Amino acid sequence: RALLDGAGVDKALLADALGAPSGFGQSQFALARGTVFEARVKADGGAELLRLVHARVGGTDAEPTPDTVRAPDLSAIGPEGRTARTALALRGASRRSETSPGTWTFLDHPMLALDVAGSPAFLEPDAVVVHPDGSWTVVEIKSFPMIDGAADPSKVGAAARQAAVYVLALEQVAARLEDGAADTRGRPRVRDRVVLVCPKDFTNLPAASAVDVRKQLSVTRRQLARLTRVEEIAEQLPPGTRFDPEQPADELVEAVESVPATYAPECLAACELAFHCRDRARAAGAVTALGRPVRAELGGLTTVAEALAAAHGETGDPRDPTVAALRRAAALRAQALEGAR
């Protein structure tokens, strides 16, 4: 995935050409509902959003007022231009916090770049707020409801993981600003508590919650550090490999198969090629198609056929804890079926 992203390949077109079109993305109804809610939250120059941020993570910061809020224009040509404009706005906002105490800065859909396996990935948070003390907070706006002050834990977890990536990208921006500074102002602080804004109960009114993303930051940093660089992956590909959707189907399949991929159900929410990889994993009987927890439990057994053979006593060392557990589970299942008869 990192290789295809780094090469600028349109994975949706690639999936269509492979005969496994992506179902990636939300329904039009969900998108429209989310757009309307986000517009409501950001109305009046982000006044309501800043009020929510101040209430959740503002601490001793001065309360935002129309006179103390700045909303710089971040428009530019291309993602690189928008990324540069965002960095300039963040630097200006951090400096303004020293010369104009009490000033808040609201960045609507800034563009950030995160180094992923040696290739820049462009990210667009819903909003970033610069506090009067010069620190930065990521704001994530979602359309799922917050009922009685709590939202669906799985959806909150997904939002936290997404926001953690934005925090890492902001930390890289802060490091570059520190390296390029001519004074001793120091690196701006990126807060590790993000603000999640959702509809309150069953209304369209906004409610906010502060989410601690330190755990997600730690996990994401480890994952990024373990990624193989795009250049190293590309060097291992056969000469002349190309990912052109217009080339013959057999050549395209061969090119895609030359890139190692390990499918997991979580891929369906993150990659346009997930359906193609799922078909391949199922055809090969790979246990990864059953989920990462199952894969971890089965240890060195990489296919469903191997796991079933071990469970039925056909293969495997009975002293192996995994094999022993499979055989015990198979025996319990046989007893249950016999009892049902």
# chains A, B, ... in the order shown; residues from 1 in each chain; ligands from 1
$ residues_around --residues "Val323 (chain A)" --least-positions-apart "3" --cutoff "12 Å" --atoms "only C-alpha atoms" --output "MDAnalysis selection string"
chainID A and resid 297:301 306:320 326:330
$ closest_atom_pairs --of "region 205-258 of chain A" --to "region 43-64 of chain A" --cutoff "10 Å" --atoms "only C-alpha atoms" --output "tab-separated table"
residue	atom	partner	partner_atom	distance
A:Pro206	CA	A:Glu48	CA	8.5
A:Ala207	CA	A:Leu52	CA	7.6
A:Ala208	CA	A:Leu52	CA	6.2
A:Ser209	CA	A:Arg56	CA	6.5
A:Ala210	CA	A:Arg56	CA	5.8
A:Val211	CA	A:Arg56	CA	9.6
$ write_last_selection --atoms "C-alpha atoms" --output "PDB file, in the first residue's frame"
ATOM      1  CA  PRO A 206     -22.572  19.724  18.846  1.00  0.00           C
ATOM      2  CA  ALA A 207     -21.069  18.087  21.910  1.00  0.00           C
ATOM      3  CA  ALA A 208     -17.361  17.629  22.547  1.00  0.00           C
ATOM      4  CA  SER A 209     -15.078  15.304  24.432  1.00  0.00           C
ATOM      5  CA  ALA A 210     -11.326  15.370  25.077  1.00  0.00           C
ATOM      6  CA  VAL A 211      -9.643  12.137  23.962  1.00  0.00           C
TER       7      VAL A 211
END
$ select_by_dssp --residues "region 76-255 of chain A" --states "strand (DSSP E or B)" --output "MDAnalysis selection string"
chainID A and resid 104:108 112:116 119:123 127:130 136:141 146:147 150 190 193:200 206:212
$ write_last_selection --atoms "C-alpha atoms" --output "PDB file, in the first residue's frame"
ATOM      1  CA  TRP A 104      -6.791  32.048  19.240  1.00  0.00           C
ATOM      2  CA  THR A 105      -6.182  30.777  15.695  1.00  0.00           C
ATOM      3  CA  PHE A 106      -8.616  28.493  13.893  1.00  0.00           C
ATOM      4  CA  LEU A 107      -7.270  26.522  10.910  1.00  0.00           C
ATOM      5  CA  ASP A 108     -10.093  25.067   8.832  1.00  0.00           C
ATOM      6  CA  LEU A 112      -0.253  18.290   6.602  1.00  0.00           C
ATOM      7  CA  ALA A 113       2.439  15.969   5.259  1.00  0.00           C
ATOM      8  CA  LEU A 114       3.599  12.873   7.125  1.00  0.00           C
ATOM      9  CA  ASP A 115       6.631  10.848   6.105  1.00  0.00           C
ATOM     10  CA  VAL A 116       5.475   7.248   5.564  1.00  0.00           C
ATOM     11  CA  SER A 119       7.196   9.012   0.929  1.00  0.00           C
ATOM     12  CA  PRO A 120       5.025  11.997   1.927  1.00  0.00           C
ATOM     13  CA  ALA A 121       1.396  11.233   2.743  1.00  0.00           C
ATOM     14  CA  PHE A 122      -0.856  14.288   2.642  1.00  0.00           C
ATOM     15  CA  LEU A 123      -3.418  14.538   5.453  1.00  0.00           C
ATOM     16  CA  ALA A 127      -9.450  21.565  12.103  1.00  0.00           C
ATOM     17  CA  VAL A 128      -6.404  22.575  14.114  1.00  0.00           C
ATOM     18  CA  VAL A 129      -6.637  25.168  16.889  1.00  0.00           C
ATOM     19  CA  VAL A 130      -3.677  27.229  18.106  1.00  0.00           C
ATOM     20  CA  TRP A 136      -1.705  23.164  18.946  1.00  0.00           C
ATOM     21  CA  THR A 137      -4.804  20.957  19.284  1.00  0.00           C
ATOM     22  CA  VAL A 138      -6.286  18.629  16.668  1.00  0.00           C
ATOM     23  CA  VAL A 139     -10.085  18.713  16.314  1.00  0.00           C
ATOM     24  CA  GLU A 140     -11.901  15.761  14.766  1.00  0.00           C
ATOM     25  CA  ILE A 141     -15.570  16.189  13.770  1.00  0.00           C
ATOM     26  CA  MET A 146     -22.646  11.248  21.565  1.00  0.00           C
ATOM     27  CA  ILE A 147     -25.469  10.009  23.800  1.00  0.00           C
ATOM     28  CA  ALA A 150     -20.557   8.966  25.566  1.00  0.00           C
ATOM     29  CA  VAL A 190       1.401  19.665  20.037  1.00  0.00           C
ATOM     30  CA  ARG A 193      -5.377  15.310  23.916  1.00  0.00           C
ATOM     31  CA  VAL A 194      -7.545  15.880  20.858  1.00  0.00           C
ATOM     32  CA  VAL A 195     -11.089  17.231  20.817  1.00  0.00           C
ATOM     33  CA  LEU A 196     -13.773  14.981  19.341  1.00  0.00           C
ATOM     34  CA  VAL A 197     -16.948  16.813  18.294  1.00  0.00           C
ATOM     35  CA  CYS A 198     -20.148  14.819  17.639  1.00  0.00           C
ATOM     36  CA  PRO A 199     -23.904  15.468  17.511  1.00  0.00           C
ATOM     37  CA  LYS A 200     -25.423  15.607  20.991  1.00  0.00           C
ATOM     38  CA  PRO A 206     -22.572  19.724  18.846  1.00  0.00           C
ATOM     39  CA  ALA A 207     -21.069  18.087  21.910  1.00  0.00           C
ATOM     40  CA  ALA A 208     -17.361  17.629  22.547  1.00  0.00           C
ATOM     41  CA  SER A 209     -15.078  15.304  24.432  1.00  0.00           C
ATOM     42  CA  ALA A 210     -11.326  15.370  25.077  1.00  0.00           C
ATOM     43  CA  VAL A 211      -9.643  12.137  23.962  1.00  0.00           C
ATOM     44  CA  ASP A 212      -6.194  11.132  25.189  1.00  0.00           C
TER      45      ASP A 212
END
$ closest_residue --among "A:Ala261, A:Leu18, A:Leu168, A:Leu332" --to "Ile233 (chain A)" --atoms "only C-alpha atoms"
A:Ala261
$ closest_residue --among "A:Arg221, A:Arg295, A:Arg191, A:Lys142" --to "Leu31 (chain A)" --atoms "only C-alpha atoms"
A:Lys142
$ closest_residue --among "A:Arg222, A:Arg176, A:Arg189, A:His276" --to "Leu88 (chain A)" --atoms "only C-alpha atoms"
A:Arg176
$ residues_around --residues "Leu14 (chain A)" --least-positions-apart "3" --cutoff "12 Å" --atoms "only C-alpha atoms" --output "PyMOL selection string"
chain A and resi 4-5+8-11+17-22+242-247+249+252-253+255-256+271-276
$ atom_distance --atom1 "CA of Gly291 (chain A)" --atom2 "CA of Asp279 (chain A)"
14.3 Å
$ select_by_dssp --residues "region 119-309 of chain A" --states "alpha helix (DSSP H)" --output "PyMOL selection string"
chain A and resi 153-180+214-226+230-235+249-257+274-284+292-298+304-309
$ decode --residues "region 159-174 of chain A" --atoms "all heavy atoms" --output "mmCIF file, in the first residue's frame"
data_model
loop_
_atom_site.group_PDB
_atom_site.id
_atom_site.type_symbol
_atom_site.label_atom_id
_atom_site.label_comp_id
_atom_site.auth_asym_id
_atom_site.auth_seq_id
_atom_site.Cartn_x
_atom_site.Cartn_y
_atom_site.Cartn_z
ATOM 1 N N ALA A 159 -11.582 7.047 15.644
ATOM 2 C CA ALA A 159 -11.320 8.485 15.542
ATOM 3 C C ALA A 159 -10.018 8.856 16.247
ATOM 4 O O ALA A 159 -9.263 9.712 15.779
ATOM 5 C CB ALA A 159 -12.490 9.273 16.130
ATOM 6 N N ALA A 160 -9.741 8.202 17.388
ATOM 7 C CA ALA A 160 -8.502 8.476 18.121
ATOM 8 C C ALA A 160 -7.284 8.057 17.314
ATOM 9 O O ALA A 160 -6.268 8.768 17.275
ATOM 10 C CB ALA A 160 -8.523 7.754 19.471
ATOM 11 N N ARG A 161 -7.364 6.906 16.649
ATOM 12 C CA ARG A 161 -6.241 6.462 15.817
ATOM 13 C C ARG A 161 -6.020 7.412 14.649
ATOM 14 O O ARG A 161 -4.875 7.729 14.285
ATOM 15 C CB ARG A 161 -6.498 5.038 15.309
ATOM 16 C CG ARG A 161 -6.433 3.983 16.404
ATOM 17 C CD ARG A 161 -6.465 2.578 15.811
ATOM 18 N NE ARG A 161 -7.756 2.271 15.198
ATOM 19 C CZ ARG A 161 -8.788 1.758 15.849
ATOM 20 N NH1 ARG A 161 -8.693 1.508 17.151
ATOM 21 N NH2 ARG A 161 -9.910 1.481 15.226
ATOM 22 N N GLN A 162 -7.108 7.880 14.062
ATOM 23 C CA GLN A 162 -6.998 8.838 12.958
ATOM 24 C C GLN A 162 -6.389 10.150 13.436
ATOM 25 O O GLN A 162 -5.485 10.705 12.804
ATOM 26 C CB GLN A 162 -8.385 9.076 12.361
ATOM 27 C CG GLN A 162 -8.394 10.057 11.192
ATOM 28 C CD GLN A 162 -9.798 10.263 10.640
ATOM 29 O OE1 GLN A 162 -10.752 9.593 11.056
ATOM 30 N NE2 GLN A 162 -9.940 11.182 9.703
ATOM 31 N N ALA A 163 -6.867 10.639 14.572
ATOM 32 C CA ALA A 163 -6.356 11.907 15.102
ATOM 33 C C ALA A 163 -4.893 11.790 15.510
ATOM 34 O O ALA A 163 -4.125 12.757 15.397
ATOM 35 C CB ALA A 163 -7.203 12.352 16.293
ATOM 36 N N ALA A 164 -4.476 10.604 15.984
ATOM 37 C CA ALA A 164 -3.084 10.414 16.385
ATOM 38 C C ALA A 164 -2.147 10.602 15.194
ATOM 39 O O ALA A 164 -1.035 11.132 15.337
ATOM 40 C CB ALA A 164 -2.898 9.028 16.986
ATOM 41 N N VAL A 165 -2.577 10.178 14.011
ATOM 42 C CA VAL A 165 -1.755 10.380 12.810
ATOM 43 C C VAL A 165 -1.603 11.875 12.524
ATOM 44 O O VAL A 165 -0.520 12.347 12.154
ATOM 45 C CB VAL A 165 -2.392 9.653 11.604
ATOM 46 C CG1 VAL A 165 -1.585 9.912 10.336
ATOM 47 C CG2 VAL A 165 -2.473 8.159 11.871
ATOM 48 N N TYR A 166 -2.687 12.642 12.727
ATOM 49 C CA TYR A 166 -2.605 14.090 12.533
ATOM 50 C C TYR A 166 -1.647 14.720 13.544
ATOM 51 O O TYR A 166 -0.894 15.636 13.206
ATOM 52 C CB TYR A 166 -3.990 14.719 12.669
ATOM 53 C CG TYR A 166 -5.012 14.244 11.665
ATOM 54 C CD1 TYR A 166 -6.366 14.173 11.996
ATOM 55 C CD2 TYR A 166 -4.636 13.860 10.385
ATOM 56 C CE1 TYR A 166 -7.311 13.731 11.081
ATOM 57 C CE2 TYR A 166 -5.569 13.419 9.462
ATOM 58 C CZ TYR A 166 -6.911 13.355 9.820
ATOM 59 O OH TYR A 166 -7.839 12.927 8.909
ATOM 60 N N VAL A 167 -1.682 14.223 14.780
ATOM 61 C CA VAL A 167 -0.782 14.760 15.809
ATOM 62 C C VAL A 167 0.674 14.504 15.417
ATOM 63 O O VAL A 167 1.533 15.385 15.556
ATOM 64 C CB VAL A 167 -1.103 14.137 17.180
ATOM 65 C CG1 VAL A 167 -0.046 14.529 18.214
ATOM 66 C CG2 VAL A 167 -2.480 14.576 17.662
ATOM 67 N N LEU A 168 0.960 13.303 14.909
ATOM 68 C CA LEU A 168 2.325 12.998 14.473
ATOM 69 C C LEU A 168 2.758 13.917 13.338
ATOM 70 O O LEU A 168 3.900 14.396 13.310
ATOM 71 C CB LEU A 168 2.412 11.539 14.025
ATOM 72 C CG LEU A 168 2.373 10.478 15.115
ATOM 73 C CD1 LEU A 168 2.414 9.086 14.496
ATOM 74 C CD2 LEU A 168 3.530 10.653 16.081
ATOM 75 N N ALA A 169 1.850 14.173 12.390
ATOM 76 C CA ALA A 169 2.184 15.076 11.289
ATOM 77 C C ALA A 169 2.450 16.488 11.806
ATOM 78 O O ALA A 169 3.378 17.169 11.338
ATOM 79 C CB ALA A 169 1.050 15.083 10.269
ATOM 80 N N LEU A 170 1.661 16.934 12.783
ATOM 81 C CA LEU A 170 1.890 18.258 13.372
ATOM 82 C C LEU A 170 3.223 18.312 14.105
ATOM 83 O O LEU A 170 3.913 19.343 14.085
ATOM 84 C CB LEU A 170 0.751 18.611 14.329
ATOM 85 C CG LEU A 170 -0.536 19.146 13.701
ATOM 86 C CD1 LEU A 170 -1.608 19.310 14.767
ATOM 87 C CD2 LEU A 170 -0.303 20.478 12.993
ATOM 88 N N GLU A 171 3.601 17.218 14.752
ATOM 89 C CA GLU A 171 4.891 17.189 15.442
ATOM 90 C C GLU A 171 6.044 17.346 14.455
ATOM 91 O O GLU A 171 7.053 17.993 14.758
ATOM 92 C CB GLU A 171 5.034 15.873 16.220
ATOM 93 C CG GLU A 171 4.148 15.810 17.459
ATOM 94 C CD GLU A 171 4.298 14.504 18.204
ATOM 95 O OE1 GLU A 171 4.891 13.557 17.638
ATOM 96 O OE2 GLU A 171 3.826 14.410 19.352
ATOM 97 N N GLN A 172 5.891 16.767 13.254
ATOM 98 C CA GLN A 172 6.926 16.951 12.239
ATOM 99 C C GLN A 172 6.983 18.399 11.768
ATOM 100 O O GLN A 172 8.068 18.945 11.537
ATOM 101 C CB GLN A 172 6.678 16.012 11.061
ATOM 102 C CG GLN A 172 6.878 14.537 11.394
ATOM 103 C CD GLN A 172 6.788 13.635 10.184
ATOM 104 O OE1 GLN A 172 6.626 14.087 9.041
ATOM 105 N NE2 GLN A 172 6.890 12.332 10.400
ATOM 106 N N VAL A 173 5.819 19.039 11.646
ATOM 107 C CA VAL A 173 5.793 20.461 11.285
ATOM 108 C C VAL A 173 6.470 21.290 12.367
ATOM 109 O O VAL A 173 7.281 22.185 12.089
ATOM 110 C CB VAL A 173 4.341 20.944 11.069
ATOM 111 C CG1 VAL A 173 4.299 22.449 10.814
ATOM 112 C CG2 VAL A 173 3.694 20.202 9.908
ATOM 113 N N ALA A 174 6.153 20.988 13.631
ATOM 114 C CA ALA A 174 6.749 21.732 14.746
ATOM 115 C C ALA A 174 8.261 21.564 14.773
ATOM 116 O O ALA A 174 9.002 22.518 15.052
ATOM 117 C CB ALA A 174 6.133 21.256 16.064
#
